[in-house]
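Undergrad: Sharing a structure, written as structure tokens. Questions coming.
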Amino acid sequence: MIGPFIQADNLTYRAGSSTLVKGASLSLFAGEFTVIIGPNGAGKSTLLKMLTGELRPLTGSIHYGTACITRLPAWRLACQRAVMAQGIRLAFPFSVYEVVRLGIDGVGRTRVRHARHALVADALATADITHLAARSYQTLSGGEQQRVQFARVLSQLKAGSSVEPQQALFLDEPIASLDLCHQFDLLDTAKAQAADGVGVLAVLHDLNLAITYADRLIVMKEGMIVAQGSPADVISNALLKDVFDVSLLIETRDNMPCILPQSRLHGRDAARAGAHVGHFLQKA
Amino acid sequence: MSIAHSTATDLLAQHINRQQRNAIHLTIALIVLACSLAILSLGNGAVAIPPANVMKVLGAGITGNSDFLQSREALVILNIRMPRLMLGFMVGAALAVSGALMQGLFRNPLADPGLVGVSAGAGLAAAVMIVLGERYLSGFIGNLPFAALPLAAFLGGLISTLLLYAIATRQGRTSIATMLLAGVALGALAGATTGLLAYISDDRQLRDLSFWSMGSLGGATWTKVFAIAPIVLPLLCTVPLLARGMNALALGEAEAFHLGLPVQRIKALAIVLVALAVGASVAAAGIIGFVGIVVPHLLRLLIGPDHRMLLPLSAVAGGALLIGADIIARLSVAPAELPIGIITAAIGAPFFLWLLLRRTGLSE
């Protein structure tokens, strides 16, 4: 058994007086698709930013292989991991082709011209945006922009793979504005990357998609990791009640938990709605 | 599906070819424009010299034909108009490239070298030198040397930029937003102090002050050219190294870091280079506005925002613009001449308004 590609121990991050992440430890393995779930403000994005090197943790350490992240220069890190952040807006009217090409401008610039073009064209085709290549990024819809950023990240990963054998892919809510079909497309592509040996870490909000795609789930609440493991082990009524404060109906299909949204009214909100009505009637 | 795909691929190839063709055509056009303006500029002035003779003098200058170089036309061209042309081109190129860099750095197409405090600091230092210099310094060093004013302006611009940079940098990270806001505050402070100095100055000082703040290439000499060349040329040579960084910064600082770029180093290098180049230009030619905004914008409309083409072409176009503006400045009220800052503002301000209208979508 080989060790984890990325090992993070006891990470804490503080902004002002509030602690956003408290004592988080996790391992990211090559070839695994790991998904972080949790309510808004649970510290998912902050944890992801520490793992990518964008934020420096207050305490704790992060290792890529055997190297401490603080010792890796930016270009070296860029060969080992690609990052898709949320809602990227451009300052200037770059075309879609140019935005995707930015992915290889740092990592793949030593390659010859037509090899670079092939990398970009490949990424465009994978993200299904070849027909948008000449369009200005700023005129695209939110979902289309997200696919462009995904293509950029893919091209960076591909360009870096010739330098570094082990790589990680970080996706922060990558499907937030995508239509259903492209949600599956993107997650399938990410899953295929994992199958190729890349360690994938994604923040997702859709629990069913998280369960379907994740090899490992990490559940966060109030800055702490409260559970991690395979979806079947992690997802339970008690956990969802504790973390998301909702009672949902969980069924098991093909040995996987499946969450039915329409059952929500049986839980807290039903009680609250009833109380409101009662209160209103009393007043009247 | 495969037909749709191959059509999209064809369109992609067409798009790339069109972009490359546009860039090449524009490069050739700008170089031709700059050269024709240069010949026009060398030929026009108090003594009109036909272009053919200008070429003859230039040819003699290159081959070292000393007999011909003693002619009056040759002396006018080589000692008066050539340094002025060189100075104009360098100042224009430095201002336009600095503008493009500042816009990339601040991720804002309306940014200007003035924003990083260069102009405000240089303006204040120049005002101090003009108004107080004679009163307090002449006791120590006699008559003020001719170079005192440009030197003060250069140092003032550099110091204010470094001050802003220090204010905006915490724990090794420079906050571009803080720098912008602090620049506005320091600019207001410098403006108020300059105003106070104008208030206490006498008539002659006031005249010097206002002429300096309108900019002029009138005092161009070979000494000035050789003084600012070692400051401006490094900016122009380093620009290709900064282009990729500027492209990546358009996505945001975090993304540029993710792409593998040394973001802090790129920011520091861009700020220092711009401060030096603009400080030198202001020192050599006074305050010349709007070149830094107009030129990069126009080029972005023509060839797109890729800094690898934008930055070098900004240098050529900025130089050409200033040479052109200088020709207008000399010919419009000959034998006197207008301050060149008035010409660039008269071209730049309406253009800027048009850009603002475009941005709000009125003509899109």
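FYI, nothing fancy with the structure tokens labels: chains A, B, ... in order, residues from 1 per chain, ligands from 1 as they appear.
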For chain B against chain A, which residues fall within 10 Å using only C-alpha atoms, given as a ChimeraX atom specification?
TA: /B:4-16,19,103-104,106-109,244-245,247-263,300-301,304-306
Undergrad: Please identify which residues in segment 90-180 of chain A DSSP calls strand (DSSP E) from the backbone, and express them as a PyMOL selection string.
TA: chain A and resi 168-172
Undergrad: Residues of the last selection are to be written out with C-alpha atoms, as an mmCIF file, in the first residue's frame.
TA:
```cif
data_model
loop_
_atom_site.group_PDB
_atom_site.id
_atom_site.type_symbol
_atom_site.label_atom_id
_atom_site.label_comp_id
_atom_site.auth_asym_id
_atom_site.auth_seq_id
_atom_site.Cartn_x
_atom_site.Cartn_y
_atom_site.Cartn_z
ATOM 1 C CA ALA A 168 -4.095 16.347 -7.559
ATOM 2 C CA LEU A 169 -7.180 18.114 -8.869
ATOM 3 C CA PHE A 170 -9.104 20.511 -6.609
ATOM 4 C CA LEU A 171 -12.642 21.510 -7.548
ATOM 5 C CA ASP A 172 -14.560 24.028 -5.438
#
```
Undergrad: Would you list, as a PyMOL selection string, the residues of segment 63-210 of chain A that end up in helix (DSSP H, G or I) under DSSP run on this structure's backbone?
TA: chain A and resi 69-71+74-80+96-107+113-126+130-132+137-139+142-160+180-195+207-210
Undergrad: Work out how far apart atom CA of Ser45 of chain A and atom CA of Asp206 of chain A are and give it in Å to one decimal.
TA: 15.6 Å
Undergrad: With only C-alpha atoms as the counted atoms, please give the residues lying no more than 12 Å from Glu251 of chain A, apart from itself and same-chain residues fewer than 6 positions off, as a list of chain:residue names.
TA: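 Here the answer would be A:Asn208, A:Ala232, A:Ile235, A:Ser236, A:Asn237, A:Pro257, A:Cys258, A:Ile259, A:Leu260, A:Pro261, A:Ser263.
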Undergrad: Could you turn the residues from that selection into a file that holds C-alpha atoms, as an mmCIF file, in the first residue's frame?
TA:
```
data_model
loop_
_atom_site.group_PDB
_atom_site.id
_atom_site.type_symbol
_atom_site.label_atom_id
_atom_site.label_comp_id
_atom_site.auth_asym_id
_atom_site.auth_seq_id
_atom_site.Cartn_x
_atom_site.Cartn_y
_atom_site.Cartn_z
ATOM 1 C CA ASN A 208 -26.767 12.313 -3.930
ATOM 2 C CA ALA A 232 -22.024 3.984 2.763
ATOM 3 C CA ILE A 235 -24.160 8.823 5.529
ATOM 4 C CA SER A 236 -26.715 8.222 8.236
ATOM 5 C CA ASN A 237 -29.841 9.923 9.525
ATOM 6 C CA PRO A 257 -27.547 5.374 0.424
ATOM 7 C CA CYS A 258 -29.986 7.552 -1.523
ATOM 8 C CA ILE A 259 -31.589 10.664 -0.084
ATOM 9 C CA LEU A 260 -35.139 11.572 -0.958
ATOM 10 C CA PRO A 261 -35.688 15.351 -0.832
ATOM 11 C CA SER A 263 -39.307 13.744 2.824
#
```
Undergrad: Atom CA of Leu105 of chain B and atom CA of Gln264 of chain B, how far apart in Å?
TA: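 The value is 11.1 Å.
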